Amino acid sequence: MTDTTNAPHTNALRKGYVPSRFGQLHYVEYGDGEPVLLLHQTPRSWTEYLGVLPLVGARYRAIAMDTLGYGASAKPEGPHSVERFADGVGDLVEALGLDRFHLVGHHTGGAIAVEVAARFQDRVASLTLSATAFVDDEKRSGVGGHGRVDHVDPKPDGSHLRELWDRRRGFYRPGEEAALTRYVIDALTVLDRVEEGHESLRRYVMEPRLPQITARTLAVCASGDHFSLPSLPKFAAALGCETRVLSDGHVAAPEQVPAEFARTVLEWVGRADGPAVT
């Protein structure tokens, strides 16, 4: 069942843009206090955190940005990469004056968060990696098959719209059509480059970046997300971090179980600094 506890009050969301070396970056925020920056998966936008923002924003300044190249953020030419996505995050962090912040990343956003945490080190107060792929030689080599996740070829009769819906329908349950609709809207916004986020993730050389992370880290995954669950013990081994499995949800966990997702973030953000316990 979809977790709808404390449904979002969208009229309290604040939207804004900041300049960057690539053009304007779009973000949405809720609340005040210590900043918690949330990074979405591709090809999504900030709306992946629509239900999470008010819950985290009840205690902190919750900020969800549109990743460079997605949503309403600038869409520069040239190949996407995790490193360039992180450049965009860095530009937003500096433009907003976030001297110290908590960082949350989901799926591709988690890989971006790894790169950002490695760069900003002690400025990242805590790191939450949600359903983040552990990108190693096996992942980069395509063992198990990569395939195209979201690609569809536009057709004159519009049937590609249904095809796009069907490509992700298996990750959502009856009653979650609104969330699936938001995915389709986001994917259509970048339809000509819809696979590039996934491709950039598979090229990312993550291993040397992990030792550069100094923030206390939590790796978490929804119980139904069989794509990402195998990464939890790998992050635990590499980072000595805690891991947690949400009681429900799949690839779209922030939308499917927003209250549990937000509680997990709030507990980790609010924990006193100290050594992680595995």
# chains A, B, ... in the order shown; residues from 1 in each chain; ligands from 1
>>> residues_around(residues="Asp32 of chain A", least_positions_apart="6", cutoff="9 Å", atoms="only C-alpha atoms", output="list in words")
Gly57, Ala58, Arg59, Tyr60, Arg61 and Ala62 of chain A
>>> write_last_selection(atoms="C-alpha atoms", output="PDB file, in the first residue's frame")
ATOM      1  CA  GLY A  57      11.316  20.305   5.774  1.00  0.00           C
ATOM      2  CA  ALA A  58       9.327  20.200   9.007  1.00  0.00           C
ATOM      3  CA  ARG A  59      12.697  20.075  10.828  1.00  0.00           C
ATOM      4  CA  TYR A  60      15.314  21.133   8.288  1.00  0.00           C
ATOM      5  CA  ARG A  61      15.764  23.174   5.126  1.00  0.00           C
ATOM      6  CA  ALA A  62      14.974  20.455   2.593  1.00  0.00           C
TER       7      ALA A  62
END
>>> residues_around(residues="segment 163-179 of chain A", least_positions_apart="6", cutoff="9 Å", atoms="only C-alpha atoms", output="PDB file with N, CA and C atoms, in the first residue's frame")
ATOM      1  N   MET A   1       0.848  -1.196   0.000  1.00  0.00           N
ATOM      2  CA  MET A   1       0.000   0.000   0.000  1.00  0.00           C
ATOM      3  C   MET A   1       0.881   1.243   0.000  1.00  0.00           C
ATOM      4  N   THR A   2       0.497   2.204  -0.780  1.00  0.00           N
ATOM      5  CA  THR A   2       1.269   3.438  -0.845  1.00  0.00           C
ATOM      6  C   THR A   2       1.203   4.184   0.476  1.00  0.00           C
ATOM      7  N   THR A  47      10.499  16.394  -8.554  1.00  0.00           N
ATOM      8  CA  THR A  47       9.182  15.875  -8.154  1.00  0.00           C
ATOM      9  C   THR A  47       9.260  14.475  -7.568  1.00  0.00           C
ATOM     10  N   GLU A  48      10.380  13.792  -7.740  1.00  0.00           N
ATOM     11  CA  GLU A  48      10.541  12.503  -7.077  1.00  0.00           C
ATOM     12  C   GLU A  48      10.448  12.655  -5.558  1.00  0.00           C
ATOM     13  N   VAL A 149      16.895   1.161 -20.523  1.00  0.00           N
ATOM     14  CA  VAL A 149      15.918   1.242 -19.442  1.00  0.00           C
ATOM     15  C   VAL A 149      14.688   2.037 -19.856  1.00  0.00           C
ATOM     16  N   ASP A 150      14.902   3.210 -20.439  1.00  0.00           N
ATOM     17  CA  ASP A 150      13.804   4.138 -20.700  1.00  0.00           C
ATOM     18  C   ASP A 150      13.651   4.533 -22.162  1.00  0.00           C
ATOM     19  N   HIS A 151      14.519   4.052 -23.031  1.00  0.00           N
ATOM     20  CA  HIS A 151      14.486   4.494 -24.421  1.00  0.00           C
ATOM     21  C   HIS A 151      13.227   4.019 -25.146  1.00  0.00           C
ATOM     22  N   VAL A 152      12.608   4.961 -25.871  1.00  0.00           N
ATOM     23  CA  VAL A 152      11.525   4.640 -26.804  1.00  0.00           C
ATOM     24  C   VAL A 152      11.746   5.469 -28.063  1.00  0.00           C
ATOM     25  N   ALA A 187      10.542  12.014 -18.160  1.00  0.00           N
ATOM     26  CA  ALA A 187      11.233  11.319 -19.245  1.00  0.00           C
ATOM     27  C   ALA A 187      10.989  12.005 -20.581  1.00  0.00           C
ATOM     28  N   LEU A 188       9.761  12.470 -20.802  1.00  0.00           N
ATOM     29  CA  LEU A 188       9.457  13.161 -22.054  1.00  0.00           C
ATOM     30  C   LEU A 188      10.243  14.461 -22.185  1.00  0.00           C
ATOM     31  N   GLY A 224      11.712  -4.036  -2.112  1.00  0.00           N
ATOM     32  CA  GLY A 224      11.365  -4.599  -3.410  1.00  0.00           C
ATOM     33  C   GLY A 224      12.305  -4.217  -4.536  1.00  0.00           C
ATOM     34  N   ASP A 225      13.328  -3.417  -4.226  1.00  0.00           N
ATOM     35  CA  ASP A 225      14.245  -2.930  -5.265  1.00  0.00           C
ATOM     36  C   ASP A 225      15.381  -3.941  -5.429  1.00  0.00           C
ATOM     37  N   GLY A 249       8.243  -0.771  -0.930  1.00  0.00           N
ATOM     38  CA  GLY A 249       8.680   0.103  -2.005  1.00  0.00           C
ATOM     39  C   GLY A 249       9.580  -0.590  -3.001  1.00  0.00           C
ATOM     40  N   HIS A 250       9.826   0.123  -4.105  1.00  0.00           N
ATOM     41  CA  HIS A 250      10.629  -0.406  -5.205  1.00  0.00           C
ATOM     42  C   HIS A 250      11.548   0.719  -5.681  1.00  0.00           C
ATOM     43  N   VAL A 251      11.752   0.819  -6.976  1.00  0.00           N
ATOM     44  CA  VAL A 251      12.640   1.832  -7.545  1.00  0.00           C
ATOM     45  C   VAL A 251      12.189   3.246  -7.182  1.00  0.00           C
ATOM     46  N   ALA A 252      10.890   3.433  -7.011  1.00  0.00           N
ATOM     47  CA  ALA A 252      10.340   4.759  -6.718  1.00  0.00           C
ATOM     48  C   ALA A 252      10.080   4.951  -5.229  1.00  0.00           C
ATOM     49  N   GLU A 255       8.627   8.092  -3.507  1.00  0.00           N
ATOM     50  CA  GLU A 255       7.228   8.381  -3.801  1.00  0.00           C
ATOM     51  C   GLU A 255       6.300   7.311  -3.236  1.00  0.00           C
ATOM     52  N   GLN A 256       6.777   6.095  -3.117  1.00  0.00           N
ATOM     53  CA  GLN A 256       5.930   4.990  -2.667  1.00  0.00           C
ATOM     54  C   GLN A 256       5.818   4.921  -1.154  1.00  0.00           C
TER      55      GLN A 256
END
>>> closest_residue(among="A:His26, A:Lys75, A:Arg209, A:Arg14", to="Ile112 of chain A", atoms="only C-alpha atoms")
A:Arg209
>>> atom_distance(atom1="atom CA of Gly105 of chain A", atom2="atom CA of Leu129 of chain A")
5.3 Å
>>> residues_around(residues="Trp268 of chain A", least_positions_apart="3", cutoff="12 Å", atoms="only C-alpha atoms", output="mmCIF file with all heavy atoms, in the first residue's frame")
data_model
loop_
_atom_site.group_PDB
_atom_site.id
_atom_site.type_symbol
_atom_site.label_atom_id
_atom_site.label_comp_id
_atom_site.auth_asym_id
_atom_site.auth_seq_id
_atom_site.Cartn_x
_atom_site.Cartn_y
_atom_site.Cartn_z
ATOM 1 N N VAL A 36 19.379 20.119 3.947
ATOM 2 C CA VAL A 36 19.418 18.719 3.524
ATOM 3 C C VAL A 36 19.172 18.726 2.026
ATOM 4 O O VAL A 36 18.078 19.062 1.567
ATOM 5 C CB VAL A 36 18.355 17.867 4.238
ATOM 6 C CG1 VAL A 36 18.422 16.422 3.744
ATOM 7 C CG2 VAL A 36 18.536 17.927 5.748
ATOM 8 N N VAL A 56 10.719 16.192 5.609
ATOM 9 C CA VAL A 56 12.061 16.570 6.034
ATOM 10 C C VAL A 56 12.105 18.065 6.351
ATOM 11 O O VAL A 56 12.762 18.503 7.295
ATOM 12 C CB VAL A 56 13.088 16.210 4.946
ATOM 13 C CG1 VAL A 56 14.486 16.698 5.323
ATOM 14 C CG2 VAL A 56 13.109 14.695 4.712
ATOM 15 N N HIS A 102 23.694 18.332 4.715
ATOM 16 C CA HIS A 102 23.450 16.899 4.665
ATOM 17 C C HIS A 102 23.079 16.540 3.232
ATOM 18 O O HIS A 102 22.443 17.326 2.521
ATOM 19 C CB HIS A 102 22.326 16.511 5.624
ATOM 20 C CG HIS A 102 22.607 16.882 7.049
ATOM 21 N ND1 HIS A 102 23.258 16.042 7.922
ATOM 22 C CD2 HIS A 102 22.322 18.016 7.744
ATOM 23 C CE1 HIS A 102 23.370 16.627 9.102
ATOM 24 N NE2 HIS A 102 22.809 17.827 9.021
ATOM 25 N N LEU A 103 23.448 15.349 2.793
ATOM 26 C CA LEU A 103 23.307 14.974 1.395
ATOM 27 C C LEU A 103 22.579 13.640 1.288
ATOM 28 O O LEU A 103 22.910 12.670 1.970
ATOM 29 C CB LEU A 103 24.697 14.874 0.763
ATOM 30 C CG LEU A 103 24.811 14.677 -0.744
ATOM 31 C CD1 LEU A 103 24.130 15.815 -1.499
ATOM 32 C CD2 LEU A 103 26.287 14.590 -1.138
ATOM 33 N N VAL A 104 21.568 13.612 0.412
ATOM 34 C CA VAL A 104 20.770 12.414 0.166
ATOM 35 C C VAL A 104 20.721 12.191 -1.338
ATOM 36 O O VAL A 104 20.436 13.123 -2.098
ATOM 37 C CB VAL A 104 19.330 12.570 0.711
ATOM 38 C CG1 VAL A 104 18.508 11.303 0.448
ATOM 39 C CG2 VAL A 104 19.344 12.905 2.197
ATOM 40 N N ALA A 125 27.786 16.972 6.119
ATOM 41 C CA ALA A 125 27.582 16.575 7.511
ATOM 42 C C ALA A 125 27.161 15.126 7.640
ATOM 43 O O ALA A 125 27.502 14.448 8.611
ATOM 44 C CB ALA A 125 26.547 17.492 8.162
ATOM 45 N N SER A 126 26.377 14.631 6.689
ATOM 46 C CA SER A 126 25.990 13.233 6.658
ATOM 47 C C SER A 126 25.616 12.882 5.233
ATOM 48 O O SER A 126 25.268 13.754 4.430
ATOM 49 C CB SER A 126 24.814 12.943 7.603
ATOM 50 O OG SER A 126 23.595 13.456 7.086
ATOM 51 N N LEU A 127 25.678 11.592 4.932
ATOM 52 C CA LEU A 127 25.408 11.105 3.583
ATOM 53 C C LEU A 127 24.438 9.938 3.668
ATOM 54 O O LEU A 127 24.664 8.984 4.413
ATOM 55 C CB LEU A 127 26.718 10.659 2.929
ATOM 56 C CG LEU A 127 26.645 10.016 1.546
ATOM 57 C CD1 LEU A 127 26.094 10.998 0.517
ATOM 58 C CD2 LEU A 127 28.029 9.523 1.119
ATOM 59 N N THR A 128 23.350 10.025 2.904
ATOM 60 C CA THR A 128 22.391 8.925 2.795
ATOM 61 C C THR A 128 22.357 8.475 1.340
ATOM 62 O O THR A 128 21.983 9.240 0.452
ATOM 63 C CB THR A 128 20.978 9.358 3.234
ATOM 64 O OG1 THR A 128 21.023 9.840 4.580
ATOM 65 C CG2 THR A 128 20.017 8.182 3.152
ATOM 66 N N LEU A 129 22.773 7.244 1.099
ATOM 67 C CA LEU A 129 22.775 6.657 -0.236
ATOM 68 C C LEU A 129 21.580 5.722 -0.341
ATOM 69 O O LEU A 129 21.555 4.660 0.280
ATOM 70 C CB LEU A 129 24.074 5.894 -0.483
ATOM 71 C CG LEU A 129 25.362 6.710 -0.377
ATOM 72 C CD1 LEU A 129 26.572 5.808 -0.551
ATOM 73 C CD2 LEU A 129 25.375 7.837 -1.411
ATOM 74 N N ALA A 215 32.142 11.836 5.480
ATOM 75 C CA ALA A 215 30.854 11.957 6.167
ATOM 76 C C ALA A 215 30.377 10.596 6.661
ATOM 77 O O ALA A 215 30.598 9.567 6.011
ATOM 78 C CB ALA A 215 29.804 12.554 5.235
ATOM 79 N N ARG A 216 29.707 10.578 7.807
ATOM 80 C CA ARG A 216 29.059 9.332 8.250
ATOM 81 C C ARG A 216 27.982 8.986 7.239
ATOM 82 O O ARG A 216 27.222 9.853 6.789
ATOM 83 C CB ARG A 216 28.501 9.483 9.654
ATOM 84 C CG ARG A 216 27.563 10.653 9.859
ATOM 85 C CD ARG A 216 27.149 10.775 11.323
ATOM 86 N NE ARG A 216 26.378 11.986 11.530
ATOM 87 C CZ ARG A 216 25.086 12.087 11.312
ATOM 88 N NH1 ARG A 216 24.406 11.024 10.881
ATOM 89 N NH2 ARG A 216 24.443 13.213 11.514
ATOM 90 N N THR A 217 27.922 7.733 6.872
ATOM 91 C CA THR A 217 27.122 7.323 5.715
ATOM 92 C C THR A 217 26.162 6.208 6.076
ATOM 93 O O THR A 217 26.510 5.273 6.804
ATOM 94 C CB THR A 217 28.050 6.851 4.578
ATOM 95 O OG1 THR A 217 28.960 7.903 4.248
ATOM 96 C CG2 THR A 217 27.256 6.463 3.343
ATOM 97 N N LEU A 218 24.957 6.317 5.519
ATOM 98 C CA LEU A 218 23.945 5.269 5.614
ATOM 99 C C LEU A 218 23.588 4.823 4.207
ATOM 100 O O LEU A 218 23.298 5.657 3.342
ATOM 101 C CB LEU A 218 22.685 5.793 6.310
ATOM 102 C CG LEU A 218 21.474 4.850 6.324
ATOM 103 C CD1 LEU A 218 21.737 3.636 7.199
ATOM 104 C CD2 LEU A 218 20.209 5.583 6.777
ATOM 105 N N ALA A 219 23.621 3.524 3.952
ATOM 106 C CA ALA A 219 23.157 2.964 2.682
ATOM 107 C C ALA A 219 21.825 2.282 2.936
ATOM 108 O O ALA A 219 21.721 1.393 3.789
ATOM 109 C CB ALA A 219 24.167 1.974 2.124
ATOM 110 N N VAL A 220 20.803 2.693 2.194
ATOM 111 C CA VAL A 220 19.451 2.209 2.426
ATOM 112 C C VAL A 220 18.831 1.803 1.105
ATOM 113 O O VAL A 220 19.211 2.306 0.047
ATOM 114 C CB VAL A 220 18.605 3.306 3.130
ATOM 115 C CG1 VAL A 220 18.477 4.535 2.257
ATOM 116 C CG2 VAL A 220 17.248 2.782 3.546
ATOM 117 N N CYS A 241 29.915 1.531 6.640
ATOM 118 C CA CYS A 241 28.701 2.284 6.961
ATOM 119 C C CYS A 241 27.576 1.365 7.421
ATOM 120 O O CYS A 241 27.615 0.151 7.240
ATOM 121 C CB CYS A 241 28.239 3.089 5.759
ATOM 122 S SG CYS A 241 27.673 2.098 4.357
ATOM 123 N N GLU A 242 26.570 1.967 8.006
ATOM 124 C CA GLU A 242 25.365 1.245 8.361
ATOM 125 C C GLU A 242 24.524 1.018 7.108
ATOM 126 O O GLU A 242 24.607 1.765 6.137
ATOM 127 C CB GLU A 242 24.540 2.020 9.389
ATOM 128 C CG GLU A 242 25.180 2.128 10.746
ATOM 129 C CD GLU A 242 24.222 2.695 11.776
ATOM 130 O OE1 GLU A 242 23.008 2.383 11.701
ATOM 131 O OE2 GLU A 242 24.679 3.453 12.649
ATOM 132 N N THR A 243 23.683 0.008 7.155
ATOM 133 C CA THR A 243 22.739 -0.250 6.071
ATOM 134 C C THR A 243 21.358 -0.457 6.656
ATOM 135 O O THR A 243 21.212 -0.829 7.828
ATOM 136 C CB THR A 243 23.136 -1.497 5.246
ATOM 137 O OG1 THR A 243 23.056 -2.663 6.077
ATOM 138 C CG2 THR A 243 24.530 -1.361 4.680
ATOM 139 N N ARG A 244 20.368 -0.215 5.828
ATOM 140 C CA ARG A 244 18.982 -0.372 6.273
ATOM 141 C C ARG A 244 18.116 -0.744 5.077
ATOM 142 O O ARG A 244 18.349 -0.264 3.961
ATOM 143 C CB ARG A 244 18.485 0.926 6.905
ATOM 144 C CG ARG A 244 17.223 0.794 7.753
ATOM 145 C CD ARG A 244 17.035 2.026 8.598
ATOM 146 N NE ARG A 244 18.220 2.263 9.438
ATOM 147 C CZ ARG A 244 18.464 3.390 10.087
ATOM 148 N NH1 ARG A 244 17.619 4.398 9.978
ATOM 149 N NH2 ARG A 244 19.554 3.523 10.826
ATOM 150 N N PHE A 261 10.618 6.837 4.164
ATOM 151 C CA PHE A 261 11.847 7.385 3.579
ATOM 152 C C PHE A 261 12.284 8.620 4.352
ATOM 153 O O PHE A 261 13.455 8.757 4.730
ATOM 154 C CB PHE A 261 11.610 7.717 2.112
ATOM 155 C CG PHE A 261 12.848 8.097 1.360
ATOM 156 C CD1 PHE A 261 13.550 7.150 0.621
ATOM 157 C CD2 PHE A 261 13.327 9.401 1.362
ATOM 158 C CE1 PHE A 261 14.704 7.491 -0.081
ATOM 159 C CE2 PHE A 261 14.477 9.758 0.671
ATOM 160 C CZ PHE A 261 15.162 8.800 -0.057
ATOM 161 N N ALA A 262 11.342 9.534 4.607
ATOM 162 C CA ALA A 262 11.671 10.770 5.324
ATOM 163 C C ALA A 262 12.104 10.475 6.759
ATOM 164 O O ALA A 262 13.054 11.099 7.260
ATOM 165 C CB ALA A 262 10.475 11.715 5.314
ATOM 166 N N ARG A 263 11.435 9.542 7.430
ATOM 167 C CA ARG A 263 11.844 9.190 8.796
ATOM 168 C C ARG A 263 13.274 8.660 8.822
ATOM 169 O O ARG A 263 14.043 8.972 9.735
ATOM 170 C CB ARG A 263 10.895 8.139 9.380
ATOM 171 C CG ARG A 263 9.556 8.677 9.835
ATOM 172 C CD ARG A 263 8.834 7.690 10.733
ATOM 173 N NE ARG A 263 8.612 6.408 10.068
ATOM 174 C CZ ARG A 263 7.513 6.112 9.362
ATOM 175 N NH1 ARG A 263 6.567 7.034 9.203
ATOM 176 N NH2 ARG A 263 7.372 4.925 8.818
ATOM 177 N N THR A 264 13.618 7.868 7.827
ATOM 178 C CA THR A 264 14.968 7.320 7.750
ATOM 179 C C THR A 264 15.990 8.435 7.575
ATOM 180 O O THR A 264 17.043 8.448 8.234
ATOM 181 C CB THR A 264 15.059 6.313 6.587
ATOM 182 O OG1 THR A 264 14.105 5.261 6.797
ATOM 183 C CG2 THR A 264 16.443 5.708 6.491
ATOM 184 N N VAL A 265 15.695 9.370 6.686
ATOM 185 C CA VAL A 265 16.587 10.508 6.478
ATOM 186 C C VAL A 265 16.697 11.343 7.749
ATOM 187 O O VAL A 265 17.799 11.715 8.179
ATOM 188 C CB VAL A 265 16.100 11.371 5.295
ATOM 189 C CG1 VAL A 265 16.870 12.693 5.220
ATOM 190 C CG2 VAL A 265 16.233 10.603 3.976
ATOM 191 N N ARG A 271 21.150 12.219 13.899
ATOM 192 C CA ARG A 271 22.027 11.463 14.795
ATOM 193 C C ARG A 271 23.278 12.274 15.083
ATOM 194 O O ARG A 271 23.852 12.915 14.216
ATOM 195 C CB ARG A 271 22.407 10.128 14.160
ATOM 196 C CG ARG A 271 23.276 9.252 15.060
ATOM 197 C CD ARG A 271 23.584 7.920 14.429
ATOM 198 N NE ARG A 271 22.383 7.099 14.256
ATOM 199 C CZ ARG A 271 22.419 5.818 13.938
ATOM 200 N NH1 ARG A 271 23.584 5.218 13.725
ATOM 201 N NH2 ARG A 271 21.300 5.125 13.782
ATOM 202 N N ALA A 272 23.720 12.202 16.358
ATOM 203 C CA ALA A 272 24.937 12.916 16.735
ATOM 204 C C ALA A 272 26.122 12.359 15.973
ATOM 205 O O ALA A 272 26.200 11.150 15.699
ATOM 206 C CB ALA A 272 25.172 12.784 18.237
ATOM 207 N N ASP A 273 27.020 13.228 15.584
ATOM 208 C CA ASP A 273 28.210 12.784 14.863
ATOM 209 C C ASP A 273 28.982 11.778 15.699
ATOM 210 O O ASP A 273 29.134 11.935 16.915
ATOM 211 C CB ASP A 273 29.117 13.966 14.531
ATOM 212 C CG ASP A 273 28.574 14.796 13.385
ATOM 213 O OD1 ASP A 273 27.980 14.210 12.482
ATOM 214 O OD2 ASP A 273 28.740 16.021 13.414
ATOM 215 N N GLY A 274 29.466 10.781 15.048
ATOM 216 C CA GLY A 274 30.249 9.747 15.717
ATOM 217 C C GLY A 274 30.552 8.639 14.776
ATOM 218 O O GLY A 274 30.073 8.620 13.628
ATOM 219 N N ALA A 276 30.398 5.269 12.677
ATOM 220 C CA ALA A 276 29.307 4.416 12.234
ATOM 221 C C ALA A 276 29.433 3.046 12.872
ATOM 222 O O ALA A 276 30.517 2.557 13.174
ATOM 223 C CB ALA A 276 29.340 4.280 10.708
#
>>> closest_atom_pairs(of="segment 12-68 of chain A", to="segment 94-98 of chain A", cutoff="10 Å", atoms="only C-alpha atoms", output="tab-separated table")
residue	atom	partner	partner_atom	distance
A:Tyr17	CA	A:Ala95	CA	9.6
A:Val18	CA	A:Ala95	CA	6.3
A:Pro19	CA	A:Ala95	CA	7.2
A:Ser20	CA	A:Ala95	CA	7.9
A:Leu25	CA	A:Ala95	CA	9.9
A:Glu34	CA	A:Leu98	CA	9.0
A:Pro35	CA	A:Leu98	CA	7.2
A:Val36	CA	A:Leu98	CA	9.7
A:Leu37	CA	A:Leu98	CA	9.6
>>> write_last_selection(atoms="N, CA, C and O atoms", output="CSV table (one decimal), in the first residue's frame")
chain,number,residue,atom,x,y,z
A,17,TYR,N,15.9,29.5,-8.9
A,17,TYR,CA,17.0,29.2,-9.8
A,17,TYR,C,18.3,29.9,-9.3
A,17,TYR,O,18.2,30.9,-8.7
A,18,VAL,N,19.4,29.2,-9.6
A,18,VAL,CA,20.7,29.8,-9.3
A,18,VAL,C,21.5,29.7,-10.6
A,18,VAL,O,21.3,28.8,-11.4
A,19,PRO,N,22.5,30.7,-10.8
A,19,PRO,CA,23.3,30.6,-12.0
A,19,PRO,C,24.4,29.5,-11.8
A,19,PRO,O,24.8,29.2,-10.6
A,20,SER,N,24.9,29.0,-12.9
A,20,SER,CA,26.0,28.0,-12.8
A,20,SER,C,26.8,28.2,-14.1
A,20,SER,O,26.4,28.9,-15.0
A,25,LEU,N,20.2,26.6,-12.8
A,25,LEU,CA,19.9,25.3,-12.1
A,25,LEU,C,18.6,25.6,-11.3
A,25,LEU,O,18.5,26.6,-10.5
A,34,GLU,N,19.2,23.7,9.2
A,34,GLU,CA,20.3,23.0,8.5
A,34,GLU,C,19.8,22.5,7.1
A,34,GLU,O,18.8,21.9,7.0
A,35,PRO,N,20.6,22.7,6.1
A,35,PRO,CA,20.2,22.2,4.8
A,35,PRO,C,20.4,20.7,4.6
A,35,PRO,O,21.4,20.1,5.0
A,36,VAL,N,19.4,20.1,3.9
A,36,VAL,CA,19.4,18.7,3.5
A,36,VAL,C,19.2,18.7,2.0
A,36,VAL,O,18.1,19.1,1.6
A,37,LEU,N,20.2,18.4,1.3
A,37,LEU,CA,20.1,18.4,-0.2
A,37,LEU,C,19.8,17.1,-0.8
A,37,LEU,O,20.5,16.1,-0.5
>>> atom_distance(atom1="atom CA of Val205 of chain A", atom2="atom CA of Asp137 of chain A")
8.5 Å
>>> closest_residue(among="A:Gly88, A:Arg162, A:Lys155, A:Ser130", to="Phe227 of chain A", atoms="only C-alpha atoms")
A:Ser130
>>> select_by_dssp(residues="segment 27-242 of chain A", states="helix (DSSP H, G or I)", output="ChimeraX atom specification")
/A:46-49,53-57,82-96,108-123,137-141,159-169,177-189,191-193,196-203,207-212,231-239
>>> atom_distance(atom1="atom CA of Ala237 of chain A", atom2="atom CA of Thr42 of chain A")
26.2 Å
>>> residues_around(residues="segment 53-55 of chain A", least_positions_apart="2", cutoff="9 Å", atoms="only C-alpha atoms", output="ChimeraX atom specification")
/A:6-10,12-13,28-31,38,49-51,57-59,61-64,258-259,262-263,266
>>> write_last_selection(atoms="N, CA, C and O atoms", output="compact mmCIF listing (two decimals), in the first residue's frame")
# COMPACT_ATOMS: atom_id res chain seq x y z
N ASN A 6 1.03 12.13 6.13
CA ASN A 6 1.50 13.51 6.02
C ASN A 6 1.71 13.92 4.56
O ASN A 6 2.83 14.22 4.13
N ALA A 7 0.66 13.90 3.79
CA ALA A 7 0.73 14.25 2.37
C ALA A 7 1.27 15.66 2.20
O ALA A 7 1.12 16.52 3.06
N PRO A 8 1.93 15.95 1.09
CA PRO A 8 2.62 17.23 0.93
C PRO A 8 1.67 18.41 0.82
O PRO A 8 0.61 18.33 0.22
N HIS A 9 2.07 19.53 1.43
CA HIS A 9 1.36 20.80 1.27
C HIS A 9 2.13 21.60 0.23
O HIS A 9 3.03 22.37 0.56
N THR A 10 1.79 21.42 -1.03
CA THR A 10 2.60 21.97 -2.10
C THR A 10 2.62 23.49 -2.12
O THR A 10 3.52 24.08 -2.69
N ALA A 12 3.39 25.37 0.17
CA ALA A 12 4.48 25.86 1.00
C ALA A 12 5.83 25.64 0.35
O ALA A 12 6.84 26.03 0.92
N LEU A 13 5.87 25.00 -0.80
CA LEU A 13 7.13 24.78 -1.49
C LEU A 13 7.62 26.09 -2.09
O LEU A 13 6.84 26.88 -2.61
N VAL A 28 13.85 23.30 -5.59
CA VAL A 28 12.64 23.52 -4.80
C VAL A 28 13.00 23.22 -3.35
O VAL A 28 13.72 22.25 -3.07
N GLU A 29 12.52 24.04 -2.43
CA GLU A 29 12.85 23.82 -1.03
C GLU A 29 11.63 24.00 -0.14
O GLU A 29 10.62 24.58 -0.53
N TYR A 30 11.77 23.48 1.07
CA TYR A 30 10.70 23.54 2.07
C TYR A 30 11.37 23.57 3.43
O TYR A 30 12.25 22.76 3.71
N GLY A 31 10.95 24.50 4.28
CA GLY A 31 11.46 24.54 5.64
C GLY A 31 12.69 25.41 5.79
O GLY A 31 13.17 26.04 4.85
N LEU A 38 18.72 16.97 -1.53
CA LEU A 38 18.25 15.70 -2.07
C LEU A 38 18.46 15.65 -3.58
O LEU A 38 18.03 16.55 -4.30
N TYR A 49 10.76 13.84 -5.06
CA TYR A 49 10.74 14.11 -3.62
C TYR A 49 9.53 14.94 -3.20
O TYR A 49 9.53 15.55 -2.12
N LEU A 50 8.50 14.96 -4.02
CA LEU A 50 7.33 15.78 -3.73
C LEU A 50 6.73 15.47 -2.36
O LEU A 50 6.36 16.37 -1.61
N GLY A 51 6.64 14.20 -2.02
CA GLY A 51 6.07 13.82 -0.73
C GLY A 51 7.06 13.85 0.41
O GLY A 51 6.67 13.85 1.59
N GLY A 57 11.34 18.86 5.58
CA GLY A 57 11.32 20.30 5.77
C GLY A 57 10.63 20.75 7.04
O GLY A 57 10.73 21.91 7.42
N ALA A 58 9.93 19.85 7.72
CA ALA A 58 9.33 20.20 9.01
C ALA A 58 10.40 20.45 10.06
O ALA A 58 10.14 21.12 11.07
N ARG A 59 11.62 19.91 9.85
CA ARG A 59 12.70 20.08 10.83
C ARG A 59 13.96 20.70 10.24
O ARG A 59 14.78 21.23 10.98
N ARG A 61 15.94 22.52 6.42
CA ARG A 61 15.76 23.17 5.13
C ARG A 61 15.99 22.12 4.05
O ARG A 61 17.10 21.80 3.68
N ALA A 62 14.91 21.53 3.58
CA ALA A 62 14.97 20.46 2.59
C ALA A 62 15.02 21.06 1.19
O ALA A 62 14.14 21.84 0.83
N ILE A 63 16.04 20.70 0.43
CA ILE A 63 16.25 21.26 -0.91
C ILE A 63 16.36 20.10 -1.90
O ILE A 63 17.20 19.22 -1.75
N ALA A 64 15.51 20.11 -2.91
CA ALA A 64 15.59 19.12 -3.98
C ALA A 64 15.90 19.87 -5.27
O ALA A 64 15.10 20.70 -5.72
N PRO A 258 6.93 7.66 1.19
CA PRO A 258 7.58 8.93 1.55
C PRO A 258 7.76 9.13 3.05
O PRO A 258 8.78 9.69 3.48
N ALA A 259 6.80 8.66 3.86
CA ALA A 259 6.92 8.87 5.30
C ALA A 259 8.06 8.04 5.87
O ALA A 259 8.87 8.53 6.67
N ALA A 262 11.34 9.53 4.61
CA ALA A 262 11.67 10.77 5.32
C ALA A 262 12.10 10.47 6.76
O ALA A 262 13.05 11.10 7.26
N ARG A 263 11.44 9.54 7.43
CA ARG A 263 11.84 9.19 8.80
C ARG A 263 13.27 8.66 8.82
O ARG A 263 14.04 8.97 9.73
N LEU A 266 15.56 11.64 8.36
CA LEU A 266 15.57 12.48 9.56
C LEU A 266 16.35 11.84 10.70
O LEU A 266 17.09 12.52 11.42
>>> residues_around(residues="Gly109 of chain A", least_positions_apart="2", cutoff="7 Å", atoms="only C-alpha atoms", output="ChimeraX atom specification")
/A:39-41,105-107,111-113
>>> closest_residue(among="A:Leu210, A:Ala117, A:Glu267, A:Asp248", to="His226 of chain A", atoms="only C-alpha atoms")
A:Asp248
>>> select_by_dssp(residues="segment 104-272 of chain A", states="strand (DSSP E)", output="MDAnalysis selection string")
chainID A and resid 104:106 124:130 216:222 242:246
